[in-house]
Amino acid sequence: MAVKRVIANKRRKGFLAAVLPWLKRFGWPVGGVIFILWIGAWFCLSGGVARFESSTRQETIKLTASMGFKIENILVEGRARSDGAAIKDILNENKGAPLFAFNPSAAQEKIEKLDWVKTAQVERRLPDTIYVHLEEHMPTVLWQKDKNFRLLDEQGNIINVARLAPFANLIIVMGDDAPKHAPDLVNDLKAEPALIDQINAARWMDGRRWDLILKNGVVVKLPESGPGAALHKLSAAEKNDKIFEKEITEIDMRLPDRITMRTKPGALESYKARQIAAQTEKAI
């Protein structure tokens, strides 16, 4: 019993040693406030707040679930090419699970790592729905580097897909910096839709401009500045004069006031011969 009293007296002394200086210095009211703050700080640092919050959250989730806030529907909008099974695995929530136990931010972060997903919006919609809205990458061109092909979106970003066969009809862009400049070219071509079907590839030249390679093998040299205006002029020339059907190998658009065309070897002599033959037939 004597030992217990000694220990108790030591504890009291230790406690009083911590509190009495506050009381002597600040008085009972202020000392009491400081003591309460000290107790609160100790409670936070010891992990008591975290344990209390976790316990409260779990009880709240159970309560809301009992009130009907359970997952009954998963709604996904905007999905065309994204992997539906992968999205389902990420959500990984069974019907009947508490709606407020679902973490939208964590699910959004995982979904945005999928190949076709550009951005994702994930929400809890009361009382029973998980809503997902996707914005997918739009494939625009194929980038050829060495012997490898990569699919690019409308901003020049690489879309990591294994199968490229469905996109074989897209224009091929070449050059190390081609992805950076491809979006501007695509936007210029959208203004001249009649040209798009005529173009097989585009090569980024000297870090300054594009050479277009038509499906008939003709090379079109676009200017460094104002390529959109040059494409408009080219489209008008094709519409009015059918220049793509002529025996040429190159169309130079680099000078703003003219279109220069290079003929195939022997094409000029062949043209002269046809003109002479036509004149001879008329004379006869």
# chains A, B, ... in the order shown; residues from 1 in each chain; ligands from 1
>>> residues_around(residues="Pro256 of chain A", least_positions_apart="4", cutoff="9 Å", atoms="only C-alpha atoms", output="list in words")
Pro223, Gly226, Ala229 and Ala230 of chain A
>>> residues_around(residues="Arg254 of chain A", least_positions_apart="5", cutoff="8 Å", atoms="only C-alpha atoms", output="tab-separated table (two decimals) with C-alpha atoms, in the first residue's frame")
chain	number	residue	atom	x	y	z
A	221	LYS	CA	5.80	22.04	-101.56
A	222	LEU	CA	3.93	24.26	-99.10
A	223	PRO	CA	5.33	27.62	-97.95
A	224	GLU	CA	6.74	28.26	-94.49
>>> select_by_dssp(residues="segment 54-169 of chain A", states="helix (DSSP H, G or I)", output="JSON, numbers by chain")
{"A": [54, 55, 56, 57, 58, 59, 60, 61, 62, 63, 64, 65, 66, 84, 85, 86, 87, 88, 89, 90, 91, 99, 100, 101, 104, 105, 106, 107, 108, 109, 110, 111, 165, 166, 167]}
>>> closest_residue(among="A:Asn148, A:Asn103, A:Thr119, A:Thr263", to="Ile243 of chain A", atoms="only C-alpha atoms")
A:Thr263
>>> closest_residue(among="A:Met138, A:Ile130, A:Ile199, A:Ile158", to="Glu72 of chain A", atoms="only C-alpha atoms")
A:Ile130
>>> closest_residue(among="A:Ile248, A:Leu126, A:Ile90, A:Leu234", to="Lys113 of chain A", atoms="only C-alpha atoms")
A:Ile90
>>> atom_distance(atom1="atom CA of Phe100 of chain A", atom2="atom CA of Ser66 of chain A")
11.7 Å
>>> closest_atom_pairs(of="segment 201-245 of chain A", to="segment 175-186 of chain A", cutoff="10 Å", atoms="only C-alpha atoms", output="Markdown table")
| residue | atom | partner | partner_atom | distance |
| --- | --- | --- | --- | --- |
| A:Ala202 | CA | A:Ala178 | CA | 8.8 |
| A:Arg203 | CA | A:Gly175 | CA | 6.1 |
| A:Trp204 | CA | A:Gly175 | CA | 5.3 |
| A:Met205 | CA | A:Gly175 | CA | 7.5 |
| A:Asp206 | CA | A:Gly175 | CA | 9.2 |
| A:Gly207 | CA | A:Asp177 | CA | 7.3 |
| A:Arg208 | CA | A:His181 | CA | 9.6 |
| A:Arg209 | CA | A:His181 | CA | 9.1 |
| A:Trp210 | CA | A:Leu185 | CA | 8.4 |
| A:Pro227 | CA | A:Leu185 | CA | 8.1 |
| A:Gly228 | CA | A:Leu185 | CA | 8.1 |
>>> atom_distance(atom1="atom CA of Gly78 of chain A", atom2="atom CA of Ala120 of chain A")
9.5 Å
>>> closest_residue(among="A:Met174, A:Glu238, A:Thr129, A:Lys95", to="Lys145 of chain A", atoms="only C-alpha atoms")
A:Met174
>>> atom_distance(atom1="atom CA of Ile74 of chain A", atom2="atom CA of Val161 of chain A")
26.0 Å
>>> closest_residue(among="A:Leu75, A:Ile213, A:Leu63, A:Met253", to="Pro98 of chain A", atoms="only C-alpha atoms")
A:Leu63
